[in-house]
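*Asks:* First, the structure itself, so that you have it in front of you.
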Amino acid sequence: MNLTKFEFLIEEIKELIDYSQVYPIIVEGPKDEIALRCLGLEGKFFKISTAPFYEVVEKIVDKYSDVIVFTDIDKEGQKFANKLNNYFSQKGVRVIDKYRFSIMSLLDVHQVESVAKRLQIIERQVYRY
């Protein structure tokens, strides 16, 4: 990854950190939360694998106008993301998922739990020069 792309990646992560201080983050499981916390996200996390789907989303609908969806970019993760997007759209909650796509594609990973390790590898490569 060149320096320009790396700088853009860091800006995307900073924006995501800012949003995470205001809006909740939905992930698939505990390892995903750990990986995103390693990036600096400090907000309220909801894990869709550890509680019934509608229980999780109703807690969010009752308290928030926006939600960050950060699921894997694989078949299962996309299925969850689509389901969440449809549900929240019907309830008037805005879904923020642009960071899911931009960060994971820049890091060239498909699973959220890989983002922190991959970022460390790229940082070493970029700053090596």
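Letters for chains follow the order of the structure tokens (A, B, ...), residue numbers begin at 1 for each chain, and ligand numbers begin at 1 in the order shown.
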Considering only C-alpha atoms, return as a PyMOL selection string whatever protein or nucleic-acid residues lie within 6 Å of stretch 49-65 of chain A, sequence-local ones (same chain, fewer than 4 positions apart) excluded.

*Replies:* chain A and resi 28-29+93

*Asks:* Determine, counting only C-alpha atoms, which protein, DNA and RNA residues have an atom within 12 Å of an atom of stretch 12-22 of chain A; residues of the same chain fewer than 6 positions away are not included. Present the result as a PDB file with N, CA and C atoms, in the first residue's frame.

*Replies:*
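Contents of around.pdb, freshly written:
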ATOM      1  N   LYS A   5      -2.685   6.036   0.008  1.00  0.00           N
ATOM      2  CA  LYS A   5      -3.768   5.128   0.409  1.00  0.00           C
ATOM      3  C   LYS A   5      -3.750   4.902   1.912  1.00  0.00           C
ATOM      4  N   PHE A   6      -2.560   4.779   2.476  1.00  0.00           N
ATOM      5  CA  PHE A   6      -2.436   4.575   3.918  1.00  0.00           C
ATOM      6  C   PHE A   6      -2.989   5.783   4.680  1.00  0.00           C
ATOM      7  N   GLU A  33     -15.596  -7.166  17.944  1.00  0.00           N
ATOM      8  CA  GLU A  33     -15.549  -6.021  18.862  1.00  0.00           C
ATOM      9  C   GLU A  33     -14.111  -5.767  19.320  1.00  0.00           C
ATOM     10  N   LEU A  36     -12.060  -4.067  16.575  1.00  0.00           N
ATOM     11  CA  LEU A  36     -12.394  -2.656  16.365  1.00  0.00           C
ATOM     12  C   LEU A  36     -11.962  -1.798  17.547  1.00  0.00           C
ATOM     13  N   ARG A  37     -12.020  -2.344  18.730  1.00  0.00           N
ATOM     14  CA  ARG A  37     -11.506  -1.598  19.897  1.00  0.00           C
ATOM     15  C   ARG A  37      -9.998  -1.390  19.760  1.00  0.00           C
ATOM     16  N   CYS A  38      -9.304  -2.349  19.162  1.00  0.00           N
ATOM     17  CA  CYS A  38      -7.859  -2.195  18.915  1.00  0.00           C
ATOM     18  C   CYS A  38      -7.584  -1.044  17.948  1.00  0.00           C
ATOM     19  N   LEU A  39      -8.554  -0.721  17.099  1.00  0.00           N
ATOM     20  CA  LEU A  39      -8.406   0.421  16.196  1.00  0.00           C
ATOM     21  C   LEU A  39      -8.689   1.740  16.903  1.00  0.00           C
ATOM     22  N   GLY A  40      -9.277   1.669  18.098  1.00  0.00           N
ATOM     23  CA  GLY A  40      -9.570   2.880  18.861  1.00  0.00           C
ATOM     24  C   GLY A  40     -11.042   3.173  19.051  1.00  0.00           C
ATOM     25  N   LEU A  41     -11.925   2.319  18.558  1.00  0.00           N
ATOM     26  CA  LEU A  41     -13.351   2.541  18.755  1.00  0.00           C
ATOM     27  C   LEU A  41     -13.704   2.276  20.216  1.00  0.00           C
ATOM     28  N   GLU A  42     -14.446   3.205  20.809  1.00  0.00           N
ATOM     29  CA  GLU A  42     -14.737   3.110  22.231  1.00  0.00           C
ATOM     30  C   GLU A  42     -16.226   3.085  22.545  1.00  0.00           C
ATOM     31  N   GLY A  43     -17.057   3.098  21.552  1.00  0.00           N
ATOM     32  CA  GLY A  43     -18.480   3.242  21.762  1.00  0.00           C
ATOM     33  C   GLY A  43     -19.173   1.996  22.273  1.00  0.00           C
ATOM     34  N   LYS A  44     -20.488   2.030  22.186  1.00  0.00           N
ATOM     35  CA  LYS A  44     -21.351   0.932  22.611  1.00  0.00           C
ATOM     36  C   LYS A  44     -21.423  -0.084  21.479  1.00  0.00           C
ATOM     37  N   PHE A  45     -21.078  -1.329  21.791  1.00  0.00           N
ATOM     38  CA  PHE A  45     -21.121  -2.409  20.810  1.00  0.00           C
ATOM     39  C   PHE A  45     -22.310  -3.321  21.068  1.00  0.00           C
ATOM     40  N   PHE A  46     -22.907  -3.786  19.977  1.00  0.00           N
ATOM     41  CA  PHE A  46     -23.950  -4.802  20.025  1.00  0.00           C
ATOM     42  C   PHE A  46     -23.487  -5.955  19.151  1.00  0.00           C
ATOM     43  N   LYS A  63     -33.223   3.976  21.158  1.00  0.00           N
ATOM     44  CA  LYS A  63     -32.297   4.963  21.714  1.00  0.00           C
ATOM     45  C   LYS A  63     -31.517   5.793  20.711  1.00  0.00           C
ATOM     46  N   TYR A  64     -31.392   5.335  19.466  1.00  0.00           N
ATOM     47  CA  TYR A  64     -30.472   5.976  18.532  1.00  0.00           C
ATOM     48  C   TYR A  64     -31.138   6.311  17.199  1.00  0.00           C
ATOM     49  N   SER A  65     -30.641   7.381  16.568  1.00  0.00           N
ATOM     50  CA  SER A  65     -31.124   7.757  15.235  1.00  0.00           C
ATOM     51  C   SER A  65     -30.244   7.175  14.135  1.00  0.00           C
ATOM     52  N   ASP A  66     -29.012   6.789  14.503  1.00  0.00           N
ATOM     53  CA  ASP A  66     -28.048   6.239  13.555  1.00  0.00           C
ATOM     54  C   ASP A  66     -27.369   5.034  14.189  1.00  0.00           C
ATOM     55  N   VAL A  67     -26.876   4.127  13.342  1.00  0.00           N
ATOM     56  CA  VAL A  67     -26.161   2.957  13.821  1.00  0.00           C
ATOM     57  C   VAL A  67     -25.045   2.616  12.830  1.00  0.00           C
ATOM     58  N   ILE A  68     -23.915   2.180  13.356  1.00  0.00           N
ATOM     59  CA  ILE A  68     -22.799   1.758  12.517  1.00  0.00           C
ATOM     60  C   ILE A  68     -22.864   0.241  12.377  1.00  0.00           C
ATOM     61  N   VAL A  69     -22.930  -0.235  11.147  1.00  0.00           N
ATOM     62  CA  VAL A  69     -22.913  -1.680  10.894  1.00  0.00           C
ATOM     63  C   VAL A  69     -21.520  -2.033  10.398  1.00  0.00           C
ATOM     64  N   PHE A  70     -20.876  -2.972  11.099  1.00  0.00           N
ATOM     65  CA  PHE A  70     -19.518  -3.370  10.717  1.00  0.00           C
ATOM     66  C   PHE A  70     -19.422  -4.891  10.785  1.00  0.00           C
ATOM     67  N   VAL A  95     -28.381   3.837   8.691  1.00  0.00           N
ATOM     68  CA  VAL A  95     -27.288   2.867   8.796  1.00  0.00           C
ATOM     69  C   VAL A  95     -26.029   3.468   8.185  1.00  0.00           C
ATOM     70  N   ILE A  96     -24.969   3.468   8.980  1.00  0.00           N
ATOM     71  CA  ILE A  96     -23.665   3.937   8.514  1.00  0.00           C
ATOM     72  C   ILE A  96     -22.825   2.683   8.253  1.00  0.00           C
ATOM     73  N   ASP A  97     -22.587   2.393   6.989  1.00  0.00           N
ATOM     74  CA  ASP A  97     -21.798   1.203   6.667  1.00  0.00           C
ATOM     75  C   ASP A  97     -20.679   1.480   5.670  1.00  0.00           C
ATOM     76  N   LYS A  98     -20.488   2.746   5.331  1.00  0.00           N
ATOM     77  CA  LYS A  98     -19.437   3.078   4.361  1.00  0.00           C
ATOM     78  C   LYS A  98     -18.059   2.688   4.869  1.00  0.00           C
ATOM     79  N   TYR A  99     -17.836   2.764   6.175  1.00  0.00           N
ATOM     80  CA  TYR A  99     -16.527   2.449   6.737  1.00  0.00           C
ATOM     81  C   TYR A  99     -16.243   0.960   6.677  1.00  0.00           C
ATOM     82  N   ARG A 100     -17.261   0.181   6.775  1.00  0.00           N
ATOM     83  CA  ARG A 100     -17.123  -1.273   6.639  1.00  0.00           C
ATOM     84  C   ARG A 100     -16.482  -1.601   5.292  1.00  0.00           C
ATOM     85  N   PHE A 101     -17.012  -0.990   4.251  1.00  0.00           N
ATOM     86  CA  PHE A 101     -16.498  -1.258   2.911  1.00  0.00           C
ATOM     87  C   PHE A 101     -15.128  -0.616   2.684  1.00  0.00           C
ATOM     88  N   SER A 102     -14.990   0.642   3.035  1.00  0.00           N
ATOM     89  CA  SER A 102     -13.738   1.333   2.716  1.00  0.00           C
ATOM     90  C   SER A 102     -12.560   0.772   3.507  1.00  0.00           C
ATOM     91  N   ILE A 103     -12.728   0.617   4.801  1.00  0.00           N
ATOM     92  CA  ILE A 103     -11.611   0.147   5.628  1.00  0.00           C
ATOM     93  C   ILE A 103     -11.232  -1.287   5.289  1.00  0.00           C
ATOM     94  N   MET A 104     -12.231  -2.147   5.166  1.00  0.00           N
ATOM     95  CA  MET A 104     -11.915  -3.539   4.900  1.00  0.00           C
ATOM     96  C   MET A 104     -11.352  -3.746   3.498  1.00  0.00           C
ATOM     97  N   SER A 105     -11.802  -2.979   2.537  1.00  0.00           N
ATOM     98  CA  SER A 105     -11.230  -3.142   1.197  1.00  0.00           C
ATOM     99  C   SER A 105      -9.819  -2.564   1.132  1.00  0.00           C
ATOM    100  N   LEU A 106      -9.575  -1.441   1.799  1.00  0.00           N
ATOM    101  CA  LEU A 106      -8.217  -0.891   1.830  1.00  0.00           C
ATOM    102  C   LEU A 106      -7.253  -1.839   2.542  1.00  0.00           C
ATOM    103  N   LEU A 107      -7.734  -2.515   3.566  1.00  0.00           N
ATOM    104  CA  LEU A 107      -6.900  -3.473   4.288  1.00  0.00           C
ATOM    105  C   LEU A 107      -6.839  -4.831   3.586  1.00  0.00           C
ATOM    106  N   VAL A 115      -8.902  -6.979  11.030  1.00  0.00           N
ATOM    107  CA  VAL A 115      -8.526  -5.601  10.678  1.00  0.00           C
ATOM    108  C   VAL A 115      -7.346  -5.070  11.480  1.00  0.00           C
ATOM    109  N   ALA A 116      -7.296  -5.307  12.771  1.00  0.00           N
ATOM    110  CA  ALA A 116      -6.220  -4.746  13.595  1.00  0.00           C
ATOM    111  C   ALA A 116      -4.860  -5.345  13.225  1.00  0.00           C
ATOM    112  N   LEU A 119      -3.768  -4.021   9.828  1.00  0.00           N
ATOM    113  CA  LEU A 119      -3.321  -2.636   9.919  1.00  0.00           C
ATOM    114  C   LEU A 119      -1.895  -2.566  10.455  1.00  0.00           C
TER     115      LEU A 119
END

*Asks:* Please measure the separation of atom CA of A:Asp74 and atom CA of A:Gln111, giving the value in Å to one decimal.

*Replies:*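 Interatomic distance, atom CA of A:Asp74 to atom CA of A:Gln111: 7.5 Å.
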
*Asks:* Any chance you could list, as number ranges by chain, the residues in chain A that come up strand (DSSP E) when DSSP is run on the backbone?

*Replies:* A: 25-27, 45-47, 66-69, 94-96

*Asks:* Store the residues picked out above, limited to all heavy atoms, as a compact mmCIF listing (two decimals), in the first residue's frame.

*Replies:*
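Final output, out37.txt:
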# COMPACT_ATOMS: atom_id res chain seq x y z
N ILE A 25 -22.31 0.48 17.53
CA ILE A 25 -21.69 -0.32 16.48
C ILE A 25 -22.23 -1.74 16.57
O ILE A 25 -22.19 -2.34 17.65
CB ILE A 25 -20.16 -0.36 16.63
CG1 ILE A 25 -19.59 1.05 16.68
CG2 ILE A 25 -19.52 -1.15 15.50
CD1 ILE A 25 -18.95 1.37 17.99
N ILE A 26 -22.72 -2.27 15.46
CA ILE A 26 -23.18 -3.65 15.42
C ILE A 26 -22.10 -4.49 14.74
O ILE A 26 -21.66 -4.17 13.62
CB ILE A 26 -24.49 -3.82 14.66
CG1 ILE A 26 -25.62 -3.07 15.38
CG2 ILE A 26 -24.85 -5.30 14.54
CD1 ILE A 26 -26.96 -3.21 14.71
N VAL A 27 -21.68 -5.54 15.42
CA VAL A 27 -20.72 -6.50 14.87
C VAL A 27 -21.32 -7.89 14.99
O VAL A 27 -22.33 -8.08 15.66
CB VAL A 27 -19.35 -6.42 15.60
CG1 VAL A 27 -18.68 -5.08 15.34
CG2 VAL A 27 -19.51 -6.67 17.08
N PHE A 45 -21.08 -1.33 21.79
CA PHE A 45 -21.12 -2.41 20.81
C PHE A 45 -22.31 -3.32 21.07
O PHE A 45 -22.65 -3.59 22.22
CB PHE A 45 -19.84 -3.26 20.87
CG PHE A 45 -18.67 -2.64 20.16
CD1 PHE A 45 -17.91 -1.67 20.78
CD2 PHE A 45 -18.34 -3.03 18.88
CE1 PHE A 45 -16.81 -1.10 20.14
CE2 PHE A 45 -17.26 -2.47 18.22
CZ PHE A 45 -16.49 -1.50 18.85
N PHE A 46 -22.91 -3.79 19.98
CA PHE A 46 -23.95 -4.80 20.02
C PHE A 46 -23.49 -5.95 19.15
O PHE A 46 -23.08 -5.73 18.01
CB PHE A 46 -25.28 -4.26 19.51
CG PHE A 46 -25.91 -3.23 20.40
CD1 PHE A 46 -25.62 -1.88 20.25
CD2 PHE A 46 -26.78 -3.61 21.40
CE1 PHE A 46 -26.19 -0.92 21.07
CE2 PHE A 46 -27.36 -2.67 22.22
CZ PHE A 46 -27.07 -1.32 22.07
N LYS A 47 -23.55 -7.16 19.69
CA LYS A 47 -23.11 -8.35 18.94
C LYS A 47 -24.34 -9.16 18.54
O LYS A 47 -25.07 -9.63 19.42
CB LYS A 47 -22.15 -9.16 19.80
CG LYS A 47 -20.84 -8.42 20.07
CD LYS A 47 -19.96 -9.09 21.08
CE LYS A 47 -20.29 -8.81 22.51
NZ LYS A 47 -20.41 -7.43 22.94
N ASP A 66 -29.01 6.79 14.50
CA ASP A 66 -28.05 6.24 13.56
C ASP A 66 -27.37 5.03 14.19
O ASP A 66 -27.27 4.95 15.42
CB ASP A 66 -26.96 7.26 13.21
CG ASP A 66 -27.50 8.49 12.50
OD1 ASP A 66 -28.44 9.11 13.03
OD2 ASP A 66 -26.98 8.83 11.44
N VAL A 67 -26.88 4.13 13.34
CA VAL A 67 -26.16 2.96 13.82
C VAL A 67 -25.04 2.62 12.83
O VAL A 67 -25.21 2.80 11.62
CB VAL A 67 -27.10 1.75 14.02
CG1 VAL A 67 -27.75 1.33 12.71
CG2 VAL A 67 -26.40 0.57 14.66
N ILE A 68 -23.91 2.18 13.36
CA ILE A 68 -22.80 1.76 12.52
C ILE A 68 -22.86 0.24 12.38
O ILE A 68 -22.88 -0.47 13.38
CB ILE A 68 -21.45 2.15 13.16
CG1 ILE A 68 -21.37 3.67 13.33
CG2 ILE A 68 -20.28 1.62 12.33
CD1 ILE A 68 -20.28 4.13 14.27
N VAL A 69 -22.93 -0.23 11.15
CA VAL A 69 -22.91 -1.68 10.89
C VAL A 69 -21.52 -2.03 10.40
O VAL A 69 -21.03 -1.45 9.42
CB VAL A 69 -23.99 -2.08 9.87
CG1 VAL A 69 -23.83 -3.54 9.46
CG2 VAL A 69 -25.38 -1.83 10.44
N ARG A 94 -30.83 5.55 10.51
CA ARG A 94 -29.86 5.61 9.42
C ARG A 94 -28.72 4.63 9.69
O ARG A 94 -28.15 4.61 10.78
CB ARG A 94 -29.29 7.02 9.29
CG ARG A 94 -28.32 7.19 8.13
CD ARG A 94 -27.91 8.63 7.98
NE ARG A 94 -27.00 9.03 9.05
CZ ARG A 94 -25.74 9.41 8.86
NH1 ARG A 94 -25.25 9.46 7.63
NH2 ARG A 94 -24.99 9.75 9.87
N VAL A 95 -28.38 3.84 8.69
CA VAL A 95 -27.29 2.87 8.80
C VAL A 95 -26.03 3.47 8.18
O VAL A 95 -26.04 3.91 7.04
CB VAL A 95 -27.65 1.55 8.09
CG1 VAL A 95 -26.45 0.61 8.04
CG2 VAL A 95 -28.83 0.87 8.77
N ILE A 96 -24.97 3.47 8.98
CA ILE A 96 -23.66 3.94 8.51
C ILE A 96 -22.83 2.68 8.25
O ILE A 96 -22.44 1.99 9.18
CB ILE A 96 -22.99 4.83 9.58
CG1 ILE A 96 -23.87 6.03 9.91
CG2 ILE A 96 -21.60 5.26 9.10
CD1 ILE A 96 -23.45 6.78 11.15

*Asks:* Could you pull out all residues of stretch 9-89 of chain A with a DSSP call of helix (DSSP H, G or I) and give them as an MDAnalysis selection string?

*Replies:* chainID A and resid 9:20 30:39 53:63 75:89
